[in-house]
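As provided, data_28.cif (mmCIF, C-alpha atoms and all ligand atoms) reads as follows.
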data_data
loop_
_atom_site.group_PDB
_atom_site.id
_atom_site.type_symbol
_atom_site.label_atom_id
_atom_site.label_comp_id
_atom_site.auth_asym_id
_atom_site.auth_seq_id
_atom_site.Cartn_x
_atom_site.Cartn_y
_atom_site.Cartn_z
ATOM 1 C CA MET W 1 35.482 -28.784 44.099
ATOM 2 C CA ASN W 2 34.033 -30.459 41.051
ATOM 3 C CA ARG W 3 35.891 -30.413 37.848
ATOM 4 C CA LEU W 4 34.228 -29.202 34.716
ATOM 5 C CA PRO W 5 30.889 -30.891 34.048
ATOM 6 C CA LYS W 6 31.391 -33.558 31.414
ATOM 7 C CA HIS W 7 27.791 -33.371 30.254
ATOM 8 C CA ILE W 8 25.683 -30.209 30.274
ATOM 9 C CA ALA W 9 22.024 -30.351 29.269
ATOM 10 C CA ILE W 10 19.968 -27.213 28.682
ATOM 11 C CA ILE W 11 16.214 -26.633 28.627
ATOM 12 C CA MET W 12 16.188 -23.569 26.402
ATOM 13 C CA ASP W 13 13.043 -21.841 27.607
ATOM 14 C CA GLY W 14 11.553 -18.364 27.393
ATOM 15 C CA ASN W 15 11.552 -17.496 23.685
ATOM 16 C CA GLY W 16 7.858 -16.600 23.731
ATOM 17 C CA ARG W 17 8.096 -14.423 26.834
ATOM 18 C CA TRP W 18 11.158 -12.670 25.440
ATOM 19 C CA ALA W 19 9.212 -11.802 22.288
ATOM 20 C CA ASN W 20 6.238 -10.666 24.343
ATOM 21 C CA LEU W 21 8.391 -8.304 26.376
ATOM 22 C CA GLN W 22 9.719 -6.800 23.160
ATOM 23 C CA GLY W 23 6.244 -6.474 21.697
ATOM 24 C CA LYS W 24 7.252 -8.891 18.945
ATOM 25 C CA SER W 25 5.708 -12.114 17.631
ATOM 26 C CA ARG W 26 6.740 -15.429 19.170
ATOM 27 C CA VAL W 27 8.514 -16.219 15.899
ATOM 28 C CA LYS W 28 11.029 -13.453 16.600
ATOM 29 C CA GLY W 29 11.689 -15.018 19.978
ATOM 30 C CA HIS W 30 12.423 -18.366 18.381
ATOM 31 C CA GLN W 31 14.690 -16.725 15.794
ATOM 32 C CA GLN W 32 16.642 -14.909 18.459
ATOM 33 C CA GLY W 33 16.765 -18.102 20.515
ATOM 34 C CA ALA W 34 18.179 -20.056 17.586
ATOM 35 C CA GLN W 35 20.951 -17.484 17.233
ATOM 36 C CA LYS W 36 21.897 -17.914 20.874
ATOM 37 C CA VAL W 37 22.535 -21.601 20.338
ATOM 38 C CA ARG W 38 25.623 -20.694 18.318
ATOM 39 C CA ASP W 39 27.231 -18.680 21.135
ATOM 40 C CA VAL W 40 26.504 -21.287 23.756
ATOM 41 C CA VAL W 41 27.800 -24.149 21.608
ATOM 42 C CA GLU W 42 30.953 -22.187 20.904
ATOM 43 C CA GLU W 43 31.509 -21.362 24.570
ATOM 44 C CA ALA W 44 30.887 -24.957 25.638
ATOM 45 C CA THR W 45 33.475 -26.116 23.107
ATOM 46 C CA ARG W 46 35.940 -23.483 24.305
ATOM 47 C CA GLN W 47 35.446 -24.623 27.898
ATOM 48 C CA GLY W 48 36.175 -28.226 26.964
ATOM 49 C CA ILE W 49 32.700 -29.602 27.660
ATOM 50 C CA GLU W 50 32.492 -33.113 26.194
ATOM 51 C CA TYR W 51 28.711 -33.412 25.829
ATOM 52 C CA LEU W 52 26.155 -30.680 25.328
ATOM 53 C CA THR W 53 22.506 -31.674 25.008
ATOM 54 C CA LEU W 54 19.908 -29.109 23.999
ATOM 55 C CA TYR W 55 16.157 -29.506 24.394
ATOM 56 C CA ALA W 56 14.927 -27.981 21.146
ATOM 57 C CA PHE W 57 11.467 -29.486 20.674
ATOM 58 C CA SER W 58 9.559 -31.736 23.031
ATOM 59 C CA SER W 59 7.077 -34.402 22.058
ATOM 60 C CA ASP W 60 4.474 -32.222 23.796
ATOM 61 C CA ASN W 61 5.347 -29.135 21.747
ATOM 62 C CA TRP W 62 3.223 -30.556 18.880
ATOM 63 C CA SER W 63 0.252 -29.260 20.882
ATOM 64 C CA ARG W 64 1.225 -25.659 20.088
ATOM 65 C CA PRO W 65 -0.532 -23.702 17.351
ATOM 66 C CA LYS W 66 0.194 -25.224 13.941
ATOM 67 C CA ASP W 67 1.838 -22.045 12.625
ATOM 68 C CA GLU W 68 4.292 -21.932 15.502
ATOM 69 C CA VAL W 69 5.179 -25.611 15.035
ATOM 70 C CA ASN W 70 5.751 -25.059 11.311
ATOM 71 C CA ILE W 71 7.992 -22.099 11.966
ATOM 72 C CA LEU W 72 10.017 -24.019 14.534
ATOM 73 C CA MET W 73 10.513 -26.867 12.044
ATOM 74 C CA LYS W 74 11.606 -24.455 9.310
ATOM 75 C CA LEU W 75 13.947 -22.727 11.722
ATOM 76 C CA LEU W 76 15.524 -26.064 12.517
ATOM 77 C CA VAL W 77 16.304 -26.737 8.879
ATOM 78 C CA THR W 78 17.746 -23.270 8.261
ATOM 79 C CA SER W 79 19.797 -23.389 11.477
ATOM 80 C CA LEU W 80 21.234 -26.798 10.607
ATOM 81 C CA LYS W 81 22.218 -25.510 7.155
ATOM 82 C CA LYS W 82 23.649 -22.275 8.538
ATOM 83 C CA GLU W 83 25.648 -23.896 11.323
ATOM 84 C CA PHE W 84 27.005 -26.801 9.294
ATOM 85 C CA ASN W 85 30.416 -25.258 8.510
ATOM 86 C CA ARG W 86 30.844 -24.102 12.068
ATOM 87 C CA LEU W 87 30.220 -27.618 13.373
ATOM 88 C CA ILE W 88 32.811 -28.992 10.977
ATOM 89 C CA ASN W 89 35.359 -26.282 11.822
ATOM 90 C CA ASN W 90 34.884 -26.857 15.547
ATOM 91 C CA ASN W 91 35.196 -30.661 15.218
ATOM 92 C CA ILE W 92 31.702 -31.086 16.742
ATOM 93 C CA ARG W 93 29.746 -34.303 16.329
ATOM 94 C CA LEU W 94 26.019 -33.762 15.992
ATOM 95 C CA GLN W 95 23.473 -36.351 17.041
ATOM 96 C CA SER W 96 19.832 -36.302 17.951
ATOM 97 C CA ILE W 97 17.589 -37.981 20.484
ATOM 98 C CA GLY W 98 13.836 -38.325 20.200
ATOM 99 C CA ASP W 99 11.450 -39.950 17.789
ATOM 100 C CA MET W 100 12.992 -38.921 14.501
ATOM 101 C CA SER W 101 10.283 -40.718 12.523
ATOM 102 C CA GLY W 102 7.746 -38.146 13.701
ATOM 103 C CA LEU W 103 9.672 -35.172 12.278
ATOM 104 C CA PRO W 104 8.801 -33.577 8.927
ATOM 105 C CA THR W 105 10.850 -34.968 6.005
ATOM 106 C CA PRO W 106 12.986 -31.828 5.402
ATOM 107 C CA VAL W 107 14.040 -31.792 9.074
ATOM 108 C CA LYS W 108 14.813 -35.521 8.998
ATOM 109 C CA GLN W 109 16.824 -35.160 5.800
ATOM 110 C CA GLU W 110 18.914 -32.212 6.986
ATOM 111 C CA LEU W 111 19.463 -33.783 10.378
ATOM 112 C CA LYS W 112 20.585 -37.085 8.867
ATOM 113 C CA TYR W 113 22.915 -35.233 6.511
ATOM 114 C CA VAL W 114 24.629 -33.244 9.266
ATOM 115 C CA ILE W 115 24.834 -36.283 11.570
ATOM 116 C CA LYS W 116 26.478 -38.279 8.791
ATOM 117 C CA LYS W 117 28.934 -35.545 7.845
ATOM 118 C CA THR W 118 30.025 -34.928 11.434
ATOM 119 C CA LYS W 119 30.052 -38.532 12.641
ATOM 120 C CA ASN W 120 33.842 -38.863 12.602
ATOM 121 C CA ASN W 121 34.431 -35.595 14.436
ATOM 122 C CA THR W 122 36.219 -36.124 17.707
ATOM 123 C CA GLY W 123 35.362 -32.950 19.618
ATOM 124 C CA MET W 124 32.262 -32.108 21.611
ATOM 125 C CA VAL W 125 29.161 -34.232 21.101
ATOM 126 C CA LEU W 126 26.221 -31.912 20.491
ATOM 127 C CA THR W 127 22.897 -33.661 20.958
ATOM 128 C CA LEU W 128 19.645 -32.074 19.854
ATOM 129 C CA ALA W 129 16.562 -33.363 21.617
ATOM 130 C CA LEU W 130 13.901 -33.202 18.928
ATOM 131 C CA ASN W 131 10.439 -34.642 19.242
ATOM 132 C CA TYR W 132 11.857 -35.856 22.537
ATOM 133 C CA GLY W 133 9.993 -37.001 25.624
ATOM 134 C CA ALA W 134 11.682 -38.937 28.421
ATOM 135 C CA LYS W 135 8.562 -40.950 29.244
ATOM 136 C CA GLU W 136 8.236 -41.896 25.574
ATOM 137 C CA GLU W 137 11.917 -42.849 25.527
ATOM 138 C CA LEU W 138 11.559 -45.094 28.564
ATOM 139 C CA THR W 139 8.347 -46.632 27.237
ATOM 140 C CA GLN W 140 9.887 -47.627 23.912
ATOM 141 C CA ALA W 141 12.939 -49.010 25.738
ATOM 142 C CA ILE W 142 10.772 -51.166 27.994
ATOM 143 C CA LYS W 143 8.766 -52.352 24.994
ATOM 144 C CA ALA W 144 11.941 -53.318 23.111
ATOM 145 C CA ILE W 145 13.292 -55.185 26.142
ATOM 146 C CA ALA W 146 9.943 -56.959 26.631
ATOM 147 C CA PHE W 147 10.072 -58.207 23.040
ATOM 148 C CA LYS W 148 13.614 -59.478 23.514
ATOM 149 C CA VAL W 149 12.614 -61.285 26.679
ATOM 150 C CA LYS W 150 9.606 -62.800 24.942
ATOM 151 C CA ASN W 151 11.816 -64.018 22.095
ATOM 152 C CA SER W 152 14.416 -65.367 24.540
ATOM 153 C CA ILE W 153 17.069 -62.912 23.346
ATOM 154 C CA ILE W 154 17.504 -61.655 26.906
ATOM 155 C CA SER W 155 16.693 -63.549 30.085
ATOM 156 C CA PRO W 156 14.667 -61.506 32.581
ATOM 157 C CA GLU W 157 17.260 -62.094 35.327
ATOM 158 C CA LYS W 158 19.893 -60.411 33.158
ATOM 159 C CA VAL W 159 17.943 -57.137 32.829
ATOM 160 C CA ASP W 160 19.912 -54.481 34.658
ATOM 161 C CA GLN W 161 20.624 -50.761 34.342
ATOM 162 C CA SER W 162 22.920 -51.264 31.382
ATOM 163 C CA THR W 163 20.166 -53.150 29.522
ATOM 164 C CA ILE W 164 17.911 -50.140 29.967
ATOM 165 C CA ILE W 165 20.603 -47.674 28.897
ATOM 166 C CA GLU W 166 21.283 -49.717 25.757
ATOM 167 C CA HIS W 167 17.650 -49.294 24.704
ATOM 168 C CA LEU W 168 17.391 -45.550 25.202
ATOM 169 C CA TYR W 169 17.672 -43.110 22.272
ATOM 170 C CA SER W 170 20.514 -41.606 24.194
ATOM 171 C CA GLN W 171 22.434 -44.812 24.717
ATOM 172 C CA ASN W 172 25.833 -43.229 24.193
ATOM 173 C CA LEU W 173 25.171 -40.273 26.478
ATOM 174 C CA PRO W 174 26.769 -40.259 29.909
ATOM 175 C CA ALA W 175 24.792 -39.066 32.939
ATOM 176 C CA VAL W 176 24.023 -35.345 32.945
ATOM 177 C CA ASP W 177 26.248 -33.459 35.394
ATOM 178 C CA LEU W 178 24.680 -30.041 35.054
ATOM 179 C CA LEU W 179 21.122 -29.326 33.937
ATOM 180 C CA ILE W 180 20.372 -25.692 33.136
ATOM 181 C CA ARG W 181 16.884 -24.269 32.623
ATOM 182 C CA THR W 182 16.393 -20.684 31.574
ATOM 183 C CA SER W 183 13.372 -18.375 31.987
ATOM 184 C CA GLY W 184 12.692 -18.894 35.686
ATOM 185 C CA GLU W 185 10.651 -22.064 35.290
ATOM 186 C CA GLU W 186 11.785 -24.751 37.684
ATOM 187 C CA ARG W 187 10.625 -27.995 36.169
ATOM 188 C CA ILE W 188 11.938 -30.808 34.008
ATOM 189 C CA SER W 189 9.181 -30.919 31.357
ATOM 190 C CA ASN W 190 9.789 -34.558 30.414
ATOM 191 C CA PHE W 191 13.487 -34.110 29.643
ATOM 192 C CA LEU W 192 16.099 -36.856 30.118
ATOM 193 C CA LEU W 193 14.590 -38.438 33.236
ATOM 194 C CA TRP W 194 17.017 -41.322 33.337
ATOM 195 C CA HIS W 195 20.169 -39.259 32.800
ATOM 196 C CA ILE W 196 19.398 -36.543 35.320
ATOM 197 C CA ALA W 197 19.167 -38.892 38.285
ATOM 198 C CA TYR W 198 22.132 -37.131 39.940
ATOM 199 C CA ALA W 199 22.374 -33.979 37.844
ATOM 200 C CA GLU W 200 23.025 -30.672 39.548
ATOM 201 C CA LEU W 201 20.109 -28.392 38.693
ATOM 202 C CA TYR W 202 20.689 -24.763 37.772
ATOM 203 C CA PHE W 203 17.781 -22.392 37.216
ATOM 204 C CA THR W 204 18.163 -18.862 35.951
ATOM 205 C CA ASP W 205 15.594 -16.143 35.303
ATOM 206 C CA THR W 206 17.381 -15.153 32.107
ATOM 207 C CA LEU W 207 15.214 -15.843 29.077
ATOM 208 C CA TRP W 208 16.859 -18.083 26.500
ATOM 209 C CA PRO W 209 17.206 -15.356 23.812
ATOM 210 C CA ASP W 210 19.212 -13.323 26.359
ATOM 211 C CA PHE W 211 21.369 -16.221 27.552
ATOM 212 C CA ASN W 212 24.999 -15.655 26.580
ATOM 213 C CA LYS W 213 28.504 -16.974 27.094
ATOM 214 C CA GLU W 214 28.839 -15.284 30.467
ATOM 215 C CA ASP W 215 25.628 -16.936 31.658
ATOM 216 C CA LEU W 216 27.022 -20.329 30.716
ATOM 217 C CA GLN W 217 30.269 -19.535 32.506
ATOM 218 C CA LYS W 218 28.284 -18.527 35.599
ATOM 219 C CA ALA W 219 26.440 -21.833 35.620
ATOM 220 C CA ILE W 220 29.701 -23.744 35.282
ATOM 221 C CA VAL W 221 31.266 -21.792 38.157
ATOM 222 C CA ASP W 222 28.190 -22.475 40.304
ATOM 223 C CA TYR W 223 28.422 -26.176 39.488
ATOM 224 C CA ALA W 224 32.056 -26.238 40.564
ATOM 225 C CA LYS W 225 31.024 -25.163 44.074
ATOM 226 C CA ARG W 226 28.568 -27.996 44.588
ATOM 227 C CA GLU W 227 29.366 -31.113 46.513
ATOM 228 C CA ARG W 228 28.111 -34.177 44.685
ATOM 229 C CA ARG W 229 27.703 -36.918 47.208
ATOM 230 C CA PHE W 230 25.975 -39.713 45.267
ATOM 231 C CA GLY W 231 24.526 -41.055 48.482
ATOM 232 C CA LYS W 232 27.725 -40.880 50.495
ATOM 233 C CA THR W 233 28.460 -38.582 53.413
ATOM 234 C CA SER W 234 30.379 -35.375 52.998
ATOM 235 C CA GLN W 235 33.087 -36.783 55.241
ATOM 236 C CA GLN W 236 33.586 -39.818 53.051
ATOM 237 C CA LEU W 237 34.227 -37.544 50.106
ATOM 238 C CA THR W 238 36.886 -35.486 51.784
ATOM 239 C CA ASN W 239 38.785 -38.489 53.170
HETATM 240 C C1 LIG G 1 11.310 -22.451 24.317
HETATM 241 O O1 LIG G 1 10.635 -21.244 24.436
HETATM 242 C C2 LIG G 1 11.299 -22.966 22.900
HETATM 243 C C3 LIG G 1 10.490 -24.169 22.697
HETATM 244 C C4 LIG G 1 9.799 -24.791 23.592
HETATM 245 C C5 LIG G 1 10.480 -24.707 21.367
HETATM 246 P P1 LIG G 1 9.065 -21.171 24.612
HETATM 247 O O2 LIG G 1 8.466 -21.046 23.244
HETATM 248 O O3 LIG G 1 8.572 -22.284 25.435
HETATM 249 O O4 LIG G 1 8.927 -19.786 25.379
HETATM 250 P P2 LIG G 1 7.856 -19.427 26.499
HETATM 251 O O5 LIG G 1 7.941 -20.464 27.566
HETATM 252 O O6 LIG G 1 6.520 -19.408 25.831
HETATM 253 O O7 LIG G 1 8.286 -18.084 26.981
HETATM 254 C C1 LIG G 2 10.315 -27.425 27.330
HETATM 255 O O1 LIG G 2 9.785 -26.152 27.318
HETATM 256 C C2 LIG G 2 10.689 -27.843 25.955
HETATM 257 C C3 LIG G 2 11.765 -27.107 25.314
HETATM 258 C C4 LIG G 2 12.489 -26.155 25.834
HETATM 259 C C5 LIG G 2 12.058 -27.496 23.955
HETATM 260 P P1 LIG G 2 8.221 -25.880 27.341
HETATM 261 O O2 LIG G 2 8.074 -24.404 27.346
HETATM 262 O O3 LIG G 2 7.570 -26.620 26.250
HETATM 263 O O4 LIG G 2 7.795 -26.522 28.738
HETATM 264 P P2 LIG G 2 6.506 -26.291 29.636
HETATM 265 O O5 LIG G 2 5.328 -26.641 28.804
HETATM 266 O O6 LIG G 2 6.481 -24.842 30.033
HETATM 267 O O7 LIG G 2 6.692 -27.185 30.810
HETATM 268 MG MG MG G 3 8.297 -22.465 27.447
#
Would you write out, as C-alpha cells, the structure that this file holds?
Ligand code: IPE
Ligand code: IPE
Ligand code: MG
Amino acid sequence: MNRLPKHIAIIMDGNGRWANLQGKSRVKGHQQGAQKVRDVVEEATRQGIEYLTLYAFSSDNWSRPKDEVNILMKLLVTSLKKEFNRLINNNIRLQSIGDMSGLPTPVKQELKYVIKKTKNNTGMVLTLALNYGAKEELTQAIKAIAFKVKNSIISPEKVDQSTIIEHLYSQNLPAVDLLIRTSGEERISNFLLWHIAYAELYFTDTLWPDFNKEDLQKAIVDYAKRERRFGKTSQQLTN
C-alpha cells in the first residue's frame, strides 16, 4: 500500500461542458470551477498533502476567444483576493509555474503579492500553473543550460537530471505522485511532462465544477491501492 501522495497535480477540466449542460454561458462554468478550488485545497490540506499543483491556464489557452480569456484573467485576480485570508489561515504557501511575464499586469501584481505574503508559510505548497506549458518549460531550461555551457559556467559532462530540474519553473517541486484529470478526457495537454514521469494517473468523468471533497478522497484511496514499481519487479517490492 502506498502512503498518502506527497504531490497531487490536477488538470481541472470540464468547466465549459458543465455550463453547457446547465444551459449557461461558459463564464458560469469557470465561476463555479473557481469556487471548487477552495474545497479541494481545503481537503488536500486536511489530508496532509504536501504539494498541490493546479493547472489553471495553459499556454495554449490564449487561443480561446478573447472574451473568455479576459474573463478567466479577471476571475484569477478576484479569486486570489478572495482566497488570500484563507491561504494565510491555513498556513498555505502559494507559488506559480509558467511564464509569468506573459500574464496581464493585474494578474502578475496580485500573484506576486500573495506569493510574497505567504512565502514563509510552512504548510501545503499550492502551485498554480498559469500560462504554463511543459514543452515551453523544457525549452527555456535547455536554452538556459546551453547559454551556461557556452559561457563555461557548466561543463557539458556535468549536465545531469539535477541540472535540468534546477532550470525548470518548478525547480522546487518534487515528482508528481498522483495526477488527476476531470471531465473524462484522458490526456496530459502539455502539463508537467518532466514531473509526471512516474505519476499514477487518475481520470474521472466528473466535470471540474462538480468535483468535491469526496471525489478527491476517492482518488487518494484509489492511489493507495496502486503498486508503484519504478522499474522493479513486484517481488522486489514486497521483499
Ligand atoms: C477547464 O475547463 C478550464 C480551463 C481550461 C481554463 P474548460 O474551459 O477547458 O472546459 P471544457 O473542456 O470546454 O468543458
Ligand atoms: C487543459 O485543459 C488546461 C487546463 C485545465 C487549464 P484544456 O481544456 O485546455 O485541454 P485540451 O485542449 O482539451 O487538451
Ligand atoms: Mg477543456
Using only C-alpha atoms, determine which residues lie at most 10 Å from Arg26 of chain W, disregarding the query and same-chain residues fewer than 6 positions distant; provide the list as number ranges by chain.
W: 14-20, 32, 68, 71
Shell of 9 Å around ligand LIG 2 (chain G) (all atoms listed in the file), written as a CSV table (one decimal) with C-alpha atoms, in the frame of the given file:
chain,number,residue,atom,x,y,z
W,10,ILE,CA,20.0,-27.2,28.7
W,11,ILE,CA,16.2,-26.6,28.6
W,12,MET,CA,16.2,-23.6,26.4
W,13,ASP,CA,13.0,-21.8,27.6
W,14,GLY,CA,11.6,-18.4,27.4
W,15,ASN,CA,11.6,-17.5,23.7
W,16,GLY,CA,7.9,-16.6,23.7
W,54,LEU,CA,19.9,-29.1,24.0
W,55,TYR,CA,16.2,-29.5,24.4
W,56,ALA,CA,14.9,-28.0,21.1
W,57,PHE,CA,11.5,-29.5,20.7
W,58,SER,CA,9.6,-31.7,23.0
W,59,SER,CA,7.1,-34.4,22.1
W,60,ASP,CA,4.5,-32.2,23.8
W,61,ASN,CA,5.3,-29.1,21.7
W,64,ARG,CA,1.2,-25.7,20.1
W,129,ALA,CA,16.6,-33.4,21.6
W,130,LEU,CA,13.9,-33.2,18.9
W,131,ASN,CA,10.4,-34.6,19.2
W,132,TYR,CA,11.9,-35.9,22.5
W,181,ARG,CA,16.9,-24.3,32.6
W,182,THR,CA,16.4,-20.7,31.6
W,185,GLU,CA,10.7,-22.1,35.3
W,186,GLU,CA,11.8,-24.8,37.7
W,187,ARG,CA,10.6,-28.0,36.2
W,188,ILE,CA,11.9,-30.8,34.0
W,189,SER,CA,9.2,-30.9,31.4
W,190,ASN,CA,9.8,-34.6,30.4
W,191,PHE,CA,13.5,-34.1,29.6
Contacts of segment 90-94 of chain W at 9 Å (all atoms listed in the file; same-chain gap of 5+ positions) as a list in words
Glu42, Thr45, Asn85, Leu111, Val114, Ile115, Lys116, Lys117, Thr118, Lys119, Asn120, Asn121, Thr122, Gly123, Met124, Val125, Leu126, Thr127 and Leu128 of chain W
Do you have the atom CA of Leu21 of chain W-atom CA of Ser63 of chain W distance handy?
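Atom CA of Ser63 of chain W lies 23.1 Å from atom CA of Leu21 of chain W.
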Report as a short mmCIF file (atom, residue, chain, number, x, y, z; two decimals) with C-alpha atoms, in the frame of the given file the full result of the PyMOL selection byres (((chain W and resi 224) around 10) and not hetatm) when it is applied to this structure.
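expr.cif written:
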data_model
loop_
_atom_site.label_atom_id
_atom_site.label_comp_id
_atom_site.auth_asym_id
_atom_site.auth_seq_id
_atom_site.Cartn_x
_atom_site.Cartn_y
_atom_site.Cartn_z
CA MET W 1 35.48 -28.78 44.10
CA ASN W 2 34.03 -30.46 41.05
CA ARG W 3 35.89 -30.41 37.85
CA LEU W 4 34.23 -29.20 34.72
CA PRO W 5 30.89 -30.89 34.05
CA LEU W 178 24.68 -30.04 35.05
CA LYS W 218 28.28 -18.53 35.60
CA ALA W 219 26.44 -21.83 35.62
CA ILE W 220 29.70 -23.74 35.28
CA VAL W 221 31.27 -21.79 38.16
CA ASP W 222 28.19 -22.48 40.30
CA TYR W 223 28.42 -26.18 39.49
CA LYS W 225 31.02 -25.16 44.07
CA ARG W 226 28.57 -28.00 44.59
CA GLU W 227 29.37 -31.11 46.51
CA ARG W 228 28.11 -34.18 44.68
#
Test item: the PyMOL selection byres (((chain W and resi 164) around 10) and not hetatm) resolved as a ChimeraX atom specification:
/W:138,141-142,144-145,159-163,165-168,171,194
Which of these residues is nearest to ligand LIG 1 (chain G), using all atoms listed in the file: W:Asp205, W:Asp177, W:Gln109, W:Ile49?
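Of the candidates, the smallest distance to ligand LIG 1 (chain G) is held by W:Asp205.
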Would you work out the distance separating atom CA of His195 of chain W from atom CA of Leu173 of chain W, expressed in Å to one decimal?
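Calculated distance between atom CA of His195 of chain W and atom CA of Leu173 of chain W is 8.1 Å.
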Would you compute the distance between atom CA of Thr238 of chain W and atom CA of Lys6 of chain W? Give it in Å to one decimal.
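Those two atoms sit 21.2 Å apart.
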Pick the closest to ligand LIG 1 (chain G) from W:Ala9, W:Ile153, W:Leu75, W:Leu80: which is it, counting all atoms listed in the file?
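Checking each of W:Ala9, W:Ile153, W:Leu75, W:Leu80 against ligand LIG 1 (chain G), counting all atoms listed in the file, the winner is W:Leu75.
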I want to know what sits within 9 Å of Ala34 of chain W, based on all atoms listed in the file, with residues of the same chain fewer than 6 positions away left out; could you give that as a list in words?
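Neighbouring residues, sequence-local ones excluded: Leu75, Leu76, Ser79 and Pro209 of chain W.
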Nearest to ligand LIG 1 (chain G): which of W:Gln95, W:Ser155, W:Ser183, W:Asn172 is it, counting only C-alpha atoms and all ligand atoms?
W:Ser183
Looking at all atoms listed in the file, which of W:Val37, W:Ile88, W:Val69, W:Phe147 is the one that sits closest to ligand LIG 1 (chain G)?
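Checking each candidate against ligand LIG 1 (chain G), we get W:Val69 as the closest.
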Determine the axis-aligned bounding box of all atoms of ligand LIG 1 (chain G) present in the file, pad each side by 4 Å, and express its centre and edge lengths in Å to one decimal place as AutoDock Vina command-line options.
--center_x 8.9 --center_y -21.4 --center_z 24.5 --size_x 12.8 --size_y 14.7 --size_z 14.2
Of the candidates W:Tyr51, W:Thr78, W:Val27, W:Glu43, which one gets nearest to Leu216 of chain W if we count only C-alpha atoms?
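Ranking W:Tyr51, W:Thr78, W:Val27, W:Glu43 by distance to Leu216 of chain W, first place goes to W:Glu43.
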Residues matched by the PyMOL selection byres (((chain W and resi 107) around 8) and not hetatm), written as a ChimeraX atom specification
/W:73-74,76-77,103-106,108-111
Using all atoms listed in the file, find the one residue out of W:Phe84, W:His7, W:Leu201, W:Ser25 that sits nearest to ligand LIG 1 (chain G).
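The closest residue to ligand LIG 1 (chain G) is W:Ser25.
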Skip Lys36 of chain W itself and residues of its chain fewer than 6 positions away, then list as JSON, numbers by chain all residues within 9 Å of it, counting all atoms listed in the file.
{"W": [208, 209, 210, 211, 212]}
